[in-house]
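Peer 1: Here it is: the structure, laid out below.
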Amino acid sequence: PGYLDLIPLYPGVASLLDNPKVEVVIDDGRRWIARHPDRKFDLIVQNTTFHWLAHSTNLLSIEYLDMCRSRLRPGGMLMFNTTSSRHAMRTALEAFPHCLRIGNNVLCSGEPLEFDVDRWQQALIAFRIDGRPVLGAADRPRLEELLARANDIDWLEPDASLRERLAEVEVITDDNMRCEWHWLR
């Protein structure tokens, strides 16, 4: 609930609370998804807690990711912060036929994911908040820095590379709690 007090203090996101496309829900993510089986989404974004913390399995297990997948519309995507956990990434690969790692996040979908640098550049240039461009002329060096990352496999890793690199990594389940009990193995 504290976010509702913080958001208005930051001009870059203050209008979020007035945006008719945004619904803020204060609840446990897994509990909310389980209680709303009729809700379907184009995109679910989760800034998941550190994978080694207690109860993180609730948002990283195959069972939970399957539940999220079932709440996506056709072509929908789930993006979540893996906090660089190989097990969380591997679990995403098990739950979804198509994944793309972006930094320490994984973007997952039932449809193939292709990263189009030109489209991304155009979207960044066109992006507006409250009618004002997010990137101005002074931001051009930062834009070029971002665009250069699209060719860096340490930042942007395609599905095939992820599947090969993580083939032997154990999937997180509600029962094995692999991310929380990593030190046992």
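By order of appearance in the structure tokens: chains A, B, ..., then residues from 1 within every chain, and ligands from 1 in the order shown.
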DSSP says strand (DSSP E or B) for which residues of region 45-116 of chain A? Put them as a list in words?
Peer 2: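 The strand (DSSP E or B) residues within region 45-116 of chain A come out as Val45, Gln46, Leu72, Arg73, Pro74, Gly75, Gly76, Met77, Leu78, Met79, Phe80, Asn81, His98, Cys99, Leu100, Arg101, Ile102, Asn105, Val106, Leu107, Cys108 and Ser109 of chain A.
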Peer 1: Counting only C-alpha atoms, give me one row per residue of region 104-146 of chain A with an atom at most 10 Å from an atom of region 66-72 of chain A, showing the shortest contact pair and its distance in Å to one decimal, sorted by chain then residue number, as CSV.
Peer 2:
residue,atom,partner,partner_atom,distance
A:Cys108,CA,A:Arg69,CA,8.8
A:Ser109,CA,A:Arg69,CA,7.9
A:Gly110,CA,A:Arg69,CA,8.2
Peer 1: Kindly export the residues of the current selection with C-alpha atoms, as a tab-separated table (two decimals), in the first residue's frame.
Peer 2:
chain	number	residue	atom	x	y	z
A	108	CYS	CA	7.44	-15.40	-21.90
A	109	SER	CA	4.69	-16.15	-24.40
A	110	GLY	CA	2.82	-18.87	-26.20
Peer 1: Check the smallest atom-to-atom distance from each of A:Asp139, A:Asp175, A:Glu144, A:Glu63 to Trp120 (chain A) using only C-alpha atoms, then report the winner.
Peer 2: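 Of the candidates, the smallest distance to Trp120 (chain A) is held by A:Glu144.
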Peer 1: So which residues touch Arg86 (chain A) within 12 Å, counting only C-alpha atoms, skipping near sequence neighbours fewer than 2 positions away, as a VMD selection string?
Peer 2: chain A and resid 51 to 52 60 81 to 84 88 to 93 101 104 to 106 162 to 163 165 to 172 178 to 179 182
Peer 1: Of the residues A:Ala137, A:Leu78, A:Val117, A:Ala123, which is the one nearest to Leu43 (chain A), using only C-alpha atoms?
Peer 2: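 Going through A:Ala137, A:Leu78, A:Val117, A:Ala123 one by one, the smallest distance to Leu43 (chain A) is for A:Leu78.
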Peer 1: Rank nothing, just name the residue among A:Ala95, A:Leu107, A:Val22, A:Met177 nearest to Gln46 (chain A), using only C-alpha atoms.
Peer 2: A:Leu107
Peer 1: Using DSSP on the backbone coordinates, identify the residues of chain A assigned to helix (DSSP H, G or I); present them as number ranges by chain.
Peer 2: A: 3-9, 14-18, 29-35, 57-60, 62-70, 86-95, 117-126, 137-151, 159-165, 182-184
Peer 1: Given the choices A:Ile153, A:Glu180, A:Glu164, A:Arg128, which gets closest to Val13 (chain A) if the distance is worked out from only C-alpha atoms?
Peer 2: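 With only C-alpha atoms as the atom set, the closest residue is A:Arg128.
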Peer 1: For CA of Asn47 (chain A) and CA of Phe80 (chain A), quote the distance in Å rounded to one decimal.
Peer 2: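 If I compute the distance from CA of Asn47 (chain A) to CA of Phe80 (chain A), I get 5.9 Å.
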Peer 1: For CA of Leu17 (chain A) and CA of Asp42 (chain A), quote the distance in Å rounded to one decimal.
Peer 2: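 Separation of CA of Leu17 (chain A) and CA of Asp42 (chain A): 19.8 Å.
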